[in-house]
>>> print(open('coords39.cif').read())   # mmCIF, C-alpha atoms
data_protein
#
loop_
_atom_site.label_atom_id
_atom_site.label_comp_id
_atom_site.auth_asym_id
_atom_site.auth_seq_id
_atom_site.Cartn_x
_atom_site.Cartn_y
_atom_site.Cartn_z
CA MET F 16 0.00 0.00 0.00
CA THR F 17 1.41 3.38 -1.02
CA THR F 18 0.79 6.49 1.05
CA THR F 19 0.93 9.92 -0.59
CA VAL F 20 2.01 12.79 1.63
CA LEU F 21 1.18 16.38 0.71
CA SER F 22 4.30 18.45 0.14
CA PRO F 23 4.72 22.12 -0.67
CA HIS F 24 7.78 21.29 -2.79
CA ASP F 25 6.66 18.45 -5.07
CA SER F 26 9.52 18.11 -7.54
CA SER F 27 7.18 16.64 -10.15
CA ASP F 28 5.16 19.84 -10.18
CA SER F 29 6.99 22.87 -11.55
CA VAL F 30 6.13 26.33 -10.28
CA GLN F 31 4.41 28.55 -12.82
CA ALA F 32 6.19 31.83 -13.47
CA PRO F 33 4.19 34.94 -12.63
CA VAL F 34 2.67 36.89 -15.47
CA ALA F 35 4.26 40.33 -15.75
CA PRO F 36 1.50 42.83 -15.00
CA SER F 37 0.82 45.77 -17.27
CA ALA F 38 1.11 49.35 -16.04
CA ASP F 39 -2.67 49.55 -15.71
CA ALA F 40 -3.19 46.06 -14.27
CA GLY F 41 -6.50 45.51 -12.53
CA PRO F 42 -6.74 44.35 -8.91
CA TRP F 43 -7.18 40.66 -9.75
CA GLU F 44 -4.15 40.62 -12.04
CA SER F 45 -2.12 42.48 -9.39
CA ALA F 46 -3.21 40.06 -6.65
CA GLN F 47 -2.28 37.05 -8.80
CA SER F 48 1.11 38.56 -9.63
CA GLN F 49 1.87 39.16 -5.93
CA LEU F 50 0.91 35.58 -5.06
CA ALA F 51 2.98 34.13 -7.91
CA SER F 52 6.02 36.08 -6.74
CA ALA F 53 5.58 34.77 -3.17
CA VAL F 54 5.14 31.20 -4.42
CA ARG F 55 8.34 31.49 -6.42
CA THR F 56 10.23 32.82 -3.37
CA LEU F 57 8.89 29.98 -1.22
CA GLY F 58 9.52 27.34 -3.88
CA TYR F 59 6.01 25.91 -3.75
CA SER F 60 4.64 23.49 -6.34
CA SER F 61 2.20 24.58 -9.02
CA GLY F 62 -0.49 22.42 -7.40
CA LEU F 63 -0.22 24.32 -4.13
CA HIS F 64 -0.01 27.57 -6.08
CA GLN F 65 -3.30 26.81 -7.80
CA MET F 66 -4.96 25.93 -4.49
CA LEU F 67 -3.95 29.33 -3.11
CA ALA F 68 -4.79 31.24 -6.31
CA ARG F 69 -8.40 30.14 -6.71
CA PRO F 70 -11.29 31.21 -4.46
CA ARG F 71 -13.00 28.35 -2.67
CA ARG F 72 -16.48 29.73 -3.34
CA GLU F 73 -17.98 32.46 -5.52
CA LEU F 74 -21.59 33.56 -5.41
CA SER F 75 -23.31 36.00 -7.77
CA VAL F 76 -26.87 37.03 -6.93
CA SER F 77 -29.60 39.12 -8.51
CA ILE F 78 -31.15 41.68 -6.20
CA PRO F 79 -34.59 42.97 -7.21
CA LEU F 80 -35.24 46.39 -5.67
CA ARG F 81 -38.57 48.13 -5.44
CA ARG F 82 -37.73 51.83 -5.74
CA ASP F 83 -39.59 54.45 -3.75
CA ASP F 84 -41.52 55.46 -6.90
CA GLY F 85 -42.81 51.89 -7.30
CA SER F 86 -40.53 50.88 -10.19
CA VAL F 87 -38.38 47.74 -9.97
CA GLU F 88 -34.64 47.63 -10.64
CA ILE F 89 -32.40 44.55 -10.74
CA LEU F 90 -28.97 44.90 -9.15
CA THR F 91 -26.10 42.41 -9.02
CA GLY F 92 -24.29 41.36 -5.86
CA TYR F 93 -21.30 39.13 -5.12
CA ARG F 94 -19.75 37.22 -2.24
CA VAL F 95 -16.38 35.54 -2.75
CA GLN F 96 -14.79 33.31 -0.11
CA HIS F 97 -11.14 32.83 -0.94
CA ASN F 98 -9.83 30.53 1.79
CA PHE F 99 -10.94 28.70 4.94
CA SER F 100 -7.69 26.99 5.99
CA ARG F 101 -7.13 29.16 9.07
CA GLY F 102 -10.77 29.68 10.08
CA PRO F 103 -14.09 31.11 8.90
CA ALA F 104 -14.03 33.65 6.10
CA LYS F 105 -13.95 37.36 6.93
CA GLY F 106 -14.28 40.43 4.74
CA GLY F 107 -16.04 43.67 3.96
CA LEU F 108 -19.10 44.52 1.91
CA ARG F 109 -18.85 47.46 -0.49
CA TYR F 110 -21.50 49.37 -2.42
CA SER F 111 -19.96 51.01 -5.48
CA PRO F 112 -20.77 51.38 -9.18
CA GLU F 113 -17.29 49.96 -9.89
CA VAL F 114 -17.88 46.64 -8.11
CA SER F 115 -17.11 43.62 -10.31
CA LEU F 116 -16.47 39.94 -9.71
CA ASP F 117 -12.75 40.31 -10.41
CA GLU F 118 -12.45 43.20 -7.95
CA VAL F 119 -14.21 41.19 -5.25
CA ARG F 120 -11.98 38.17 -5.97
CA ALA F 121 -8.85 40.26 -5.50
CA LEU F 122 -10.11 41.84 -2.30
CA ALA F 123 -11.01 38.41 -0.90
CA MET F 124 -7.50 37.11 -1.62
CA TRP F 125 -5.87 40.16 -0.02
CA MET F 126 -8.10 39.61 3.01
CA THR F 127 -6.76 36.05 3.35
CA TRP F 128 -3.20 37.35 3.44
CA LYS F 129 -4.11 40.19 5.79
CA CYS F 130 -5.69 37.85 8.35
CA ALA F 131 -2.74 35.46 8.18
CA LEU F 132 -0.17 38.26 8.45
CA LEU F 133 -1.83 39.66 11.59
CA ASP F 134 -2.31 36.11 12.94
CA VAL F 135 -6.09 36.47 13.07
CA PRO F 136 -7.87 33.07 12.80
CA TYR F 137 -9.83 33.82 9.64
CA GLY F 138 -9.69 33.20 5.93
CA GLY F 139 -10.48 35.93 3.43
CA ALA F 140 -13.78 36.92 1.88
CA LYS F 141 -15.32 39.98 0.24
CA GLY F 142 -18.72 41.09 -0.94
CA GLY F 143 -20.12 43.85 -3.07
CA ILE F 144 -23.12 45.23 -4.89
CA THR F 145 -22.79 47.19 -8.12
CA ILE F 146 -24.67 50.28 -6.98
CA ASP F 147 -23.98 53.97 -6.38
CA PRO F 148 -25.49 54.47 -2.90
CA ARG F 149 -25.63 58.25 -3.40
CA ASN F 150 -28.46 57.75 -5.88
CA TYR F 151 -30.70 55.79 -3.49
CA SER F 152 -32.74 56.71 -0.44
CA GLN F 153 -32.04 55.25 2.99
CA GLN F 154 -35.18 53.12 2.67
CA GLU F 155 -34.03 51.77 -0.70
CA LEU F 156 -30.58 50.94 0.68
CA GLU F 157 -32.19 49.06 3.55
CA ARG F 158 -34.26 47.00 1.11
CA VAL F 159 -31.17 46.29 -1.02
CA THR F 160 -29.17 45.22 2.05
CA ARG F 161 -31.87 42.95 3.41
CA ARG F 162 -32.49 41.27 0.05
CA TYR F 163 -28.75 40.79 -0.56
CA THR F 164 -28.38 39.30 2.93
CA SER F 165 -31.26 36.92 2.26
CA GLU F 166 -29.68 35.80 -1.01
CA ILE F 167 -26.27 35.02 0.54
CA LEU F 168 -27.76 33.66 3.79
CA PRO F 169 -26.67 30.03 3.15
CA VAL F 170 -22.96 30.96 3.01
CA ILE F 171 -22.63 33.46 5.89
CA GLY F 172 -22.73 33.05 9.67
CA PRO F 173 -20.50 33.55 12.72
CA GLU F 174 -18.76 30.24 12.03
CA LYS F 175 -18.83 30.50 8.21
CA ASP F 176 -18.28 34.03 6.90
CA ILE F 177 -18.51 37.32 8.80
CA PRO F 178 -19.09 40.49 6.70
CA ALA F 179 -18.04 43.99 7.77
CA PRO F 180 -18.44 47.51 6.35
CA ASP F 181 -16.36 48.80 3.45
CA ILE F 182 -16.72 51.49 0.79
CA GLY F 183 -20.32 52.72 0.60
CA THR F 184 -21.49 50.79 3.66
CA ASP F 185 -21.43 51.57 7.38
CA GLU F 186 -22.51 50.37 10.80
CA GLN F 187 -26.19 50.84 9.89
CA THR F 188 -25.71 48.47 6.93
CA MET F 189 -24.26 45.90 9.31
CA ALA F 190 -27.19 46.32 11.72
CA TRP F 191 -29.61 45.59 8.86
CA MET F 192 -27.58 42.52 7.88
CA MET F 193 -27.47 41.22 11.45
CA ASP F 194 -31.20 41.72 11.90
CA THR F 195 -32.06 40.02 8.59
CA TYR F 196 -29.89 37.02 9.42
CA SER F 197 -31.24 36.83 12.99
CA VAL F 198 -34.87 36.99 11.87
CA ASN F 199 -34.26 34.12 9.46
CA VAL F 200 -32.62 31.85 12.04
CA GLY F 201 -35.06 32.79 14.81
CA TYR F 202 -32.74 34.35 17.40
CA THR F 203 -30.27 37.25 17.69
CA VAL F 204 -26.81 36.48 16.33
CA PRO F 205 -24.44 39.42 17.02
CA GLY F 206 -21.42 37.57 15.62
CA VAL F 207 -22.73 37.26 12.07
CA VAL F 208 -21.25 40.66 11.15
CA THR F 209 -18.76 43.11 12.64
CA GLY F 210 -18.62 46.89 12.49
CA LYS F 211 -22.09 47.11 14.04
CA PRO F 212 -23.35 49.96 16.23
CA VAL F 213 -22.33 49.52 19.86
CA SER F 214 -26.03 49.40 20.81
CA VAL F 215 -26.44 46.04 19.03
CA GLY F 216 -23.14 44.40 19.93
CA GLY F 217 -20.50 46.45 18.19
CA SER F 218 -17.09 47.03 19.72
CA LEU F 219 -15.80 50.29 21.10
CA GLY F 220 -12.97 51.48 18.89
CA ARG F 221 -14.12 49.62 15.76
CA ALA F 222 -15.13 52.71 13.76
CA SER F 223 -11.66 54.25 13.99
CA ALA F 224 -9.66 51.01 14.01
CA THR F 225 -8.46 51.00 10.40
CA SER F 226 -7.38 54.64 10.60
CA ARG F 227 -5.58 54.10 13.90
CA GLY F 228 -3.81 51.06 12.52
CA VAL F 229 -2.68 53.01 9.44
CA VAL F 230 -1.22 55.72 11.66
CA HIS F 231 0.51 53.34 14.08
CA VAL F 232 2.35 51.82 11.12
CA ALA F 233 2.87 55.16 9.33
CA LEU F 234 4.65 56.67 12.34
CA ALA F 235 6.84 53.57 12.64
CA ALA F 236 7.61 53.70 8.90
CA LEU F 237 8.60 57.37 9.08
CA ARG F 238 11.03 56.58 11.90
CA GLN F 239 12.36 53.62 9.90
CA ALA F 240 13.04 56.05 7.03
CA GLY F 241 14.92 58.36 9.40
CA ILE F 242 12.13 60.97 9.54
CA THR F 243 10.88 62.38 12.84
CA PRO F 244 7.05 62.25 12.67
CA ALA F 245 6.50 65.53 14.52
CA GLY F 246 7.06 68.23 11.92
CA SER F 247 6.90 65.90 8.91
CA THR F 248 4.41 66.40 6.07
CA ALA F 249 1.70 64.14 4.65
CA ALA F 250 -0.86 63.96 1.88
CA VAL F 251 -3.97 61.80 2.25
CA GLN F 252 -5.82 60.69 -0.87
CA GLY F 253 -9.38 59.79 0.11
CA PHE F 254 -11.31 61.41 2.96
CA GLY F 255 -13.79 58.68 3.82
CA LYS F 256 -13.88 56.35 6.80
CA VAL F 257 -10.17 55.54 6.59
CA GLY F 258 -8.64 58.70 5.17
CA ALA F 259 -10.45 61.18 7.41
CA GLY F 260 -9.50 59.29 10.56
CA ALA F 261 -5.91 58.83 9.38
CA ALA F 262 -5.58 62.57 8.71
CA GLU F 263 -6.96 63.35 12.18
CA PHE F 264 -4.64 60.94 14.00
CA LEU F 265 -1.61 62.05 11.95
CA ALA F 266 -2.33 65.66 12.88
CA GLU F 267 -2.61 64.66 16.56
CA ALA F 268 0.86 63.08 16.26
CA GLY F 269 2.31 66.36 14.99
CA VAL F 270 2.35 65.53 11.28
CA ALA F 271 1.36 68.45 9.04
CA VAL F 272 -1.33 67.11 6.69
CA VAL F 273 -0.84 69.52 3.78
CA ALA F 274 -3.21 67.96 1.25
CA VAL F 275 -6.30 65.78 1.17
CA GLY F 276 -8.59 64.71 -1.64
CA ASP F 277 -11.87 62.96 -2.29
CA GLN F 278 -13.84 61.94 -5.37
CA TYR F 279 -14.80 65.56 -6.05
CA GLY F 280 -11.33 67.15 -5.90
CA ALA F 281 -8.30 67.89 -3.73
CA ILE F 282 -7.10 70.78 -1.56
CA TYR F 283 -3.70 71.99 -0.35
CA ASN F 284 -2.20 74.19 2.34
CA ALA F 285 1.60 74.21 2.70
CA ALA F 286 1.36 75.01 6.42
CA GLY F 287 -1.00 72.12 7.11
CA LEU F 288 -4.78 71.82 7.00
CA GLU F 289 -6.92 72.20 10.13
CA ILE F 290 -8.31 68.68 10.10
CA LYS F 291 -11.05 69.06 12.72
CA ALA F 292 -12.46 72.10 10.88
CA LEU F 293 -12.14 70.23 7.57
CA THR F 294 -14.07 67.28 8.98
CA GLU F 295 -16.90 69.64 9.96
CA HIS F 296 -16.78 71.21 6.49
CA VAL F 297 -17.13 67.78 4.88
CA ARG F 298 -20.01 66.94 7.22
CA GLU F 299 -21.84 70.10 6.10
CA THR F 300 -21.01 70.09 2.38
CA GLY F 301 -20.20 66.46 1.51
CA SER F 302 -16.75 67.23 0.11
CA VAL F 303 -13.34 68.66 0.96
CA VAL F 304 -13.69 71.06 -1.99
CA GLY F 305 -14.09 74.70 -1.04
CA PHE F 306 -12.56 74.42 2.44
CA GLU F 307 -11.57 77.86 3.71
CA GLY F 308 -7.83 78.40 3.96
CA SER F 309 -6.93 75.94 1.23
CA GLU F 310 -6.27 76.05 -2.49
CA ALA F 311 -7.67 73.63 -5.02
CA ILE F 312 -5.26 71.19 -6.68
CA GLY F 313 -5.74 68.31 -9.08
CA SER F 314 -6.30 64.80 -7.77
CA GLU F 315 -3.21 63.56 -9.65
CA GLU F 316 -1.21 66.51 -8.33
CA LEU F 317 -1.95 65.40 -4.77
CA LEU F 318 -0.31 62.04 -5.42
CA GLU F 319 2.81 63.73 -6.77
CA LEU F 320 3.40 66.33 -4.02
CA GLU F 321 6.80 66.52 -2.36
CA VAL F 322 5.84 65.20 1.09
CA ASP F 323 7.34 62.82 3.61
CA LEU F 324 4.29 60.56 3.73
CA LEU F 325 1.60 59.68 1.18
CA VAL F 326 -1.48 57.76 2.35
CA PRO F 327 -3.62 56.51 -0.57
CA ALA F 328 -6.87 55.70 1.24
CA ALA F 329 -9.50 55.51 -1.49
CA VAL F 330 -9.62 52.84 -4.21
CA GLU F 331 -7.42 50.42 -6.14
CA GLY F 332 -4.82 51.24 -8.74
CA VAL F 333 -4.29 54.99 -8.18
CA LEU F 334 -0.50 54.54 -8.17
CA HIS F 335 0.51 52.87 -11.43
CA GLY F 336 3.24 52.71 -14.03
CA GLY F 337 2.02 55.94 -15.59
CA ASN F 338 2.50 58.15 -12.54
CA ALA F 339 4.85 56.28 -10.18
CA GLY F 340 7.95 58.04 -11.54
CA ARG F 341 6.49 61.41 -10.57
CA VAL F 342 5.61 60.43 -6.98
CA ARG F 343 7.96 62.31 -4.62
CA ALA F 344 6.81 61.00 -1.22
CA LYS F 345 9.51 59.25 0.77
CA VAL F 346 7.09 56.84 2.48
CA ILE F 347 3.81 55.42 1.14
CA VAL F 348 1.40 53.73 3.56
CA GLU F 349 -1.54 52.05 1.86
CA GLY F 350 -4.78 52.88 3.63
CA ALA F 351 -6.82 51.51 0.71
CA ASN F 352 -6.82 47.98 -0.65
CA GLY F 353 -4.59 47.61 -3.72
CA PRO F 354 -3.82 51.29 -4.45
CA THR F 355 -0.41 50.41 -5.95
CA THR F 356 -0.02 48.28 -9.06
CA ALA F 357 2.88 45.89 -9.51
CA ALA F 358 4.36 48.18 -12.17
CA ALA F 359 4.36 51.10 -9.72
CA ASP F 360 5.89 48.90 -7.02
CA SER F 361 8.89 48.26 -9.26
CA VAL F 362 9.39 51.97 -9.83
CA PHE F 363 9.13 52.77 -6.11
CA ARG F 364 11.69 50.11 -5.25
CA GLU F 365 14.12 51.50 -7.81
CA ASN F 366 13.58 55.02 -6.44
CA GLY F 367 14.07 54.00 -2.80
CA VAL F 368 10.49 54.78 -1.73
CA LEU F 369 9.43 52.84 1.38
CA VAL F 370 6.02 51.28 0.65
CA VAL F 371 4.03 49.74 3.51
CA PRO F 372 1.57 47.31 1.88
CA ASP F 373 -2.17 47.32 2.40
CA ILE F 374 -2.32 43.87 3.98
CA LEU F 375 -0.29 45.30 6.85
CA ALA F 376 -1.10 49.00 6.88
CA ASN F 377 -4.90 48.85 6.84
CA ALA F 378 -5.30 45.70 8.93
CA GLY F 379 -6.55 47.58 12.01
CA GLY F 380 -10.14 47.11 10.93
CA VAL F 381 -9.94 43.33 10.74
CA ILE F 382 -8.07 43.18 14.05
CA VAL F 383 -10.80 45.04 15.90
CA SER F 384 -13.45 43.15 13.91
CA TYR F 385 -11.86 40.03 15.38
CA PHE F 386 -12.04 41.62 18.83
CA GLU F 387 -15.73 42.42 18.21
CA TRP F 388 -16.44 38.85 17.10
CA VAL F 389 -14.72 37.48 20.21
CA GLN F 390 -16.65 39.86 22.47
CA GLY F 391 -19.95 39.00 20.79
CA ASN F 392 -19.37 35.26 21.09
CA GLN F 393 -18.53 35.66 24.78
CA ALA F 394 -21.10 38.41 25.54
CA TYR F 395 -18.30 40.22 27.39
CA TRP F 396 -17.33 43.75 26.35
CA TRP F 397 -13.95 45.47 26.53
CA THR F 398 -13.21 49.14 27.23
CA ALA F 399 -12.06 51.47 24.45
CA ALA F 400 -8.64 51.68 26.11
CA GLU F 401 -8.30 47.89 26.10
CA VAL F 402 -9.24 47.72 22.42
CA GLU F 403 -6.82 50.45 21.38
CA GLU F 404 -3.95 49.02 23.42
CA ARG F 405 -4.39 45.55 21.92
CA LEU F 406 -4.73 47.04 18.42
CA GLU F 407 -1.45 48.93 18.74
CA GLN F 408 0.34 45.83 20.05
CA ARG F 409 -0.88 43.70 17.13
CA MET F 410 -0.03 46.30 14.49
CA LEU F 411 3.47 47.02 15.74
CA ALA F 412 4.28 43.34 16.29
CA ALA F 413 3.28 42.62 12.68
CA TRP F 414 5.33 45.60 11.48
CA GLU F 415 8.46 44.36 13.28
CA ASN F 416 7.95 40.86 11.92
CA VAL F 417 7.62 42.09 8.32
CA LEU F 418 10.73 44.26 8.72
CA ALA F 419 12.67 41.24 9.98
CA VAL F 420 11.53 38.99 7.11
CA ALA F 421 12.34 41.70 4.56
CA ALA F 422 15.86 42.10 5.96
CA ARG F 423 16.49 38.35 6.21
CA ARG F 424 15.27 37.51 2.70
CA GLY F 425 16.26 40.74 0.93
CA LEU F 426 12.66 41.54 -0.02
CA SER F 427 10.51 44.66 -0.20
CA LEU F 428 7.99 45.11 2.60
CA ARG F 429 5.16 44.02 0.28
CA GLU F 430 7.03 40.90 -0.76
CA ALA F 431 7.94 40.12 2.85
CA ALA F 432 4.35 40.61 4.03
CA THR F 433 2.92 38.47 1.24
CA VAL F 434 5.52 35.71 1.69
CA THR F 435 4.85 35.60 5.44
CA ALA F 436 1.08 35.44 4.94
CA VAL F 437 1.17 32.90 2.10
CA GLU F 438 3.50 30.66 4.09
CA ARG F 439 1.14 30.67 7.07
CA VAL F 440 -1.90 29.87 4.93
CA ALA F 441 -0.04 27.14 3.05
CA GLU F 442 1.16 25.60 6.31
CA ALA F 443 -2.41 25.47 7.62
CA HIS F 444 -3.65 23.97 4.36
CA LEU F 445 -0.94 21.30 4.28
CA THR F 446 -1.39 20.46 7.95
CA ARG F 447 -5.13 19.95 7.49
CA GLY F 448 -4.57 17.85 4.36
CA LEU F 449 -6.58 17.46 1.17
CA TYR F 450 -10.10 16.02 1.50
CA PRO F 451 -11.00 13.42 0.36
#
>>> encode(input="coords39.cif", output="structure tokens")
Amino acid sequence: MTTTVLSPHDSSDSVQAPVAPSADAGPWESAQSQLASAVRTLGYSSGLHQMLARPRRELSVSIPLRRDDGSVEILTGYRVQHNFSRGPAKGGLRYSPEVSLDEVRALAMWMTWKCALLDVPYGGAKGGITIDPRNYSQQELERVTRRYTSEILPVIGPEKDIPAPDIGTDEQTMAWMMDTYSVNVGYTVPGVVTGKPVSVGGSLGRASATSRGVVHVALAALRQAGITPAGSTAAVQGFGKVGAGAAEFLAEAGVAVVAVGDQYGAIYNAAGLEIKALTEHVRETGSVVGFEGSEAIGSEELLELEVDLLVPAAVEGVLHGGNAGRVRAKVIVEGANGPTTAAADSVFRENGVLVVPDILANAGGVIVSYFEWVQGNQAYWWTAAEVEERLEQRMLAAWENVLAVAARRGLSLREAATVTAVERVAEAHLTRGLYP
């Protein structure tokens, strides 16, 4: 009787070379290129590579919506679960007109690596609906959310897949999801989603967690680059849930945030913007544009300012082969998922720009989502100070680990982070074995 043992280095299975991404590579192509590079570094077989490259489950659903005027519109939603080797799937839900299956696939894969890198016992998932939420009433968005939740009900749950807010969604969206799921199973299930309001089982500190995590790592990265944070300069592209909080916390740390931008435009003040007043301006007007004491600049110009720190905190692919050579920031910390293409990464490495990858930089949200899930399952709630202390410890421990791997292997921070994460997921997969 012959026994076959799973091996990451099966000599009969050659590793596939990564496809060189184009300057304008999409998120899925970029994610696959990053994985292929890590697989090559680790020397894994093509069979293991394919296991890691393909999502375990993909679900596309039609969402009929009755508009407030009585008409009916059909929307499309997705949920992709990339990997379960280290635990249940975990990942955000975004509402955006740009949502596509390939985008959701890439985000689910990055979530797998993020959870593994931060040693959180989850696999990666992501969901989305192709919709511009600005064009719909609150009542319509509630109906969309509840119908989408009903459609994906068989594949989510506190032990299966736990959604969280992302672009275009918020804690109210999560409350609707939790209620819809709970009504269908017949009892309240706080752990089915994270990022909920505190009144229905959310965690203190969750709303600001991603921004705080970005800033913890950004300050460490500035010091690593030989720059004292107090008195340094920063530009933040994106002024939503992540970017606005990051700008606020950077300013509190003494960093002069000289430029910020959103989907409507960008503004600049060489002496530093007053972030608290800007936040109030955005609350009143819906945009950073027109803020008193600032001058308007182009969105591309913001990315190319001569600053110590650049925080892209909006969408994928804003730093690419076409503009990377003009970026003058010394440190880039990715608040968004996938803002830098592989082509841009190569340029930054050649130019000596320190890039802190998304799977490390913006992991604060998933860390505190994990804390929320733990608290919900135990029905025992932590203080805000406890949450923030544990968040900082996790972020800085991961930062130090990635630095060490990068130095030991001679890799960029992105390569080191991806290699570390892929190795942990592969180890879990191989230890569990292949069924049947």
>>> resolve_selection(input="coords39.cif", expression="the PyMOL selection byres ((chain F and resi 78-86) around 7)", output="PyMOL selection string")
chain F and resi 76-77+87-92+155+158-159+162-163
>>> residues_around(input="coords39.cif", residues="segment 440-449 of chain F", least_positions_apart="5", cutoff="12 Å", atoms="all atoms listed in the file", output="PyMOL selection string")
chain F and resi 19-24+50+53-54+57-60+62-68+97-102+124+126-139+433-435
>>> residues_near_point(input="coords39.cif", point="(-0.5, 53.6, 13.6)", cutoff="12 Å", atoms="all atoms listed in the file", output="PyMOL selection string")
chain F and resi 223-237+244+260-265+267-268+348-350+371+375-380+403-404+406-414
>>> resolve_selection(input="coords39.cif", expression="the PyMOL selection byres ((chain F and resi 356) around 10)", output="list of chain:residue names")
F:Pro36, F:Ser37, F:Ala38, F:Asp39, F:Ala40, F:Gly41, F:Pro42, F:Glu44, F:Ser45, F:Ala46, F:Ser48, F:Gln49, F:Glu331, F:Gly332, F:Val333, F:Leu334, F:His335, F:Gly336, F:Ala339, F:Gly353, F:Pro354, F:Thr355, F:Ala357, F:Ala358, F:Ala359, F:Asp360, F:Ser361
>>> residues_around(input="coords39.cif", residues="segment 305-322 of chain F", least_positions_apart="5", cutoff="6 Å", atoms="only C-alpha atoms", output="PyMOL selection string")
chain F and resi 248-249+280-284+341-344
>>> atom_distance(input="coords39.cif", atom1="atom CA of Leu324 of chain F", atom2="atom CA of Gln239 of chain F")
12.3 Å
>>> atom_distance(input="coords39.cif", atom1="atom CA of Ala399 of chain F", atom2="atom CA of Glu387 of chain F")
11.6 Å
>>> atom_distance(input="coords39.cif", atom1="atom CA of Ile182 of chain F", atom2="atom CA of Ser111 of chain F")
7.1 Å
>>> closest_residue(input="coords39.cif", among="F:Glu365, F:Asp277, F:Glu430, F:Asp181", to="Val381 of chain F", atoms="all atoms listed in the file")
F:Asp181
>>> residues_around(input="coords39.cif", residues="Thr160 of chain F", least_positions_apart="3", cutoff="7 Å", atoms="all atoms listed in the file", output="list in words")
Leu156, Glu157, Tyr163, Thr164, Thr188, Trp191 and Met192 of chain F
>>> closest_residue(input="coords39.cif", among="F:Leu428, F:Met193, F:Leu108, F:Ala328", to="Val368 of chain F", atoms="all atoms listed in the file")
F:Leu428
>>> closest_residue(input="coords39.cif", among="F:Leu426, F:Ala190, F:Val420, F:Leu369", to="Gly210 of chain F", atoms="only C-alpha atoms")
F:Ala190
>>> closest_residue(input="coords39.cif", among="F:Thr243, F:Gln278, F:Thr209, F:Ser165", to="Ile382 of chain F", atoms="all atoms listed in the file")
F:Thr209
>>> build_atoms(input="coords39.cif", residues="segment 222-236 of chain F", atoms="N, CA and C atoms", output="PDB file, keeping the file's coordinate frame")
ATOM      1  N   ALA F 222     -14.948  51.732  14.826  1.00  0.00           N
ATOM      2  CA  ALA F 222     -15.130  52.710  13.760  1.00  0.00           C
ATOM      3  C   ALA F 222     -13.819  53.362  13.339  1.00  0.00           C
ATOM      4  N   SER F 223     -12.929  53.570  14.288  1.00  0.00           N
ATOM      5  CA  SER F 223     -11.660  54.250  13.990  1.00  0.00           C
ATOM      6  C   SER F 223     -10.492  53.284  13.847  1.00  0.00           C
ATOM      7  N   ALA F 224     -10.745  51.986  13.919  1.00  0.00           N
ATOM      8  CA  ALA F 224      -9.660  51.010  14.010  1.00  0.00           C
ATOM      9  C   ALA F 224      -8.744  50.999  12.799  1.00  0.00           C
ATOM     10  N   THR F 225      -9.311  51.042  11.590  1.00  0.00           N
ATOM     11  CA  THR F 225      -8.460  51.000  10.400  1.00  0.00           C
ATOM     12  C   THR F 225      -7.571  52.234  10.343  1.00  0.00           C
ATOM     13  N   SER F 226      -8.155  53.398  10.622  1.00  0.00           N
ATOM     14  CA  SER F 226      -7.380  54.640  10.600  1.00  0.00           C
ATOM     15  C   SER F 226      -6.277  54.621  11.648  1.00  0.00           C
ATOM     16  N   ARG F 227      -6.599  54.165  12.847  1.00  0.00           N
ATOM     17  CA  ARG F 227      -5.580  54.100  13.900  1.00  0.00           C
ATOM     18  C   ARG F 227      -4.461  53.139  13.523  1.00  0.00           C
ATOM     19  N   GLY F 228      -4.825  52.015  12.946  1.00  0.00           N
ATOM     20  CA  GLY F 228      -3.810  51.060  12.520  1.00  0.00           C
ATOM     21  C   GLY F 228      -2.896  51.638  11.459  1.00  0.00           C
ATOM     22  N   VAL F 229      -3.485  52.352  10.478  1.00  0.00           N
ATOM     23  CA  VAL F 229      -2.680  53.010   9.440  1.00  0.00           C
ATOM     24  C   VAL F 229      -1.666  53.954  10.075  1.00  0.00           C
ATOM     25  N   VAL F 230      -2.106  54.725  11.063  1.00  0.00           N
ATOM     26  CA  VAL F 230      -1.220  55.720  11.660  1.00  0.00           C
ATOM     27  C   VAL F 230      -0.164  55.083  12.551  1.00  0.00           C
ATOM     28  N   HIS F 231      -0.513  54.043  13.288  1.00  0.00           N
ATOM     29  CA  HIS F 231       0.510  53.340  14.080  1.00  0.00           C
ATOM     30  C   HIS F 231       1.666  52.897  13.176  1.00  0.00           C
ATOM     31  N   VAL F 232       1.323  52.315  12.026  1.00  0.00           N
ATOM     32  CA  VAL F 232       2.350  51.820  11.120  1.00  0.00           C
ATOM     33  C   VAL F 232       3.044  52.982  10.397  1.00  0.00           C
ATOM     34  N   ALA F 233       2.283  54.019  10.039  1.00  0.00           N
ATOM     35  CA  ALA F 233       2.870  55.160   9.330  1.00  0.00           C
ATOM     36  C   ALA F 233       3.937  55.841  10.177  1.00  0.00           C
ATOM     37  N   LEU F 234       3.666  56.035  11.462  1.00  0.00           N
ATOM     38  CA  LEU F 234       4.650  56.670  12.340  1.00  0.00           C
ATOM     39  C   LEU F 234       5.898  55.803  12.474  1.00  0.00           C
ATOM     40  N   ALA F 235       5.702  54.489  12.572  1.00  0.00           N
ATOM     41  CA  ALA F 235       6.840  53.570  12.640  1.00  0.00           C
ATOM     42  C   ALA F 235       7.640  53.595  11.341  1.00  0.00           C
ATOM     43  N   ALA F 236       6.944  53.680  10.196  1.00  0.00           N
ATOM     44  CA  ALA F 236       7.610  53.700   8.900  1.00  0.00           C
ATOM     45  C   ALA F 236       8.411  54.993   8.705  1.00  0.00           C
TER      46      ALA F 236
END
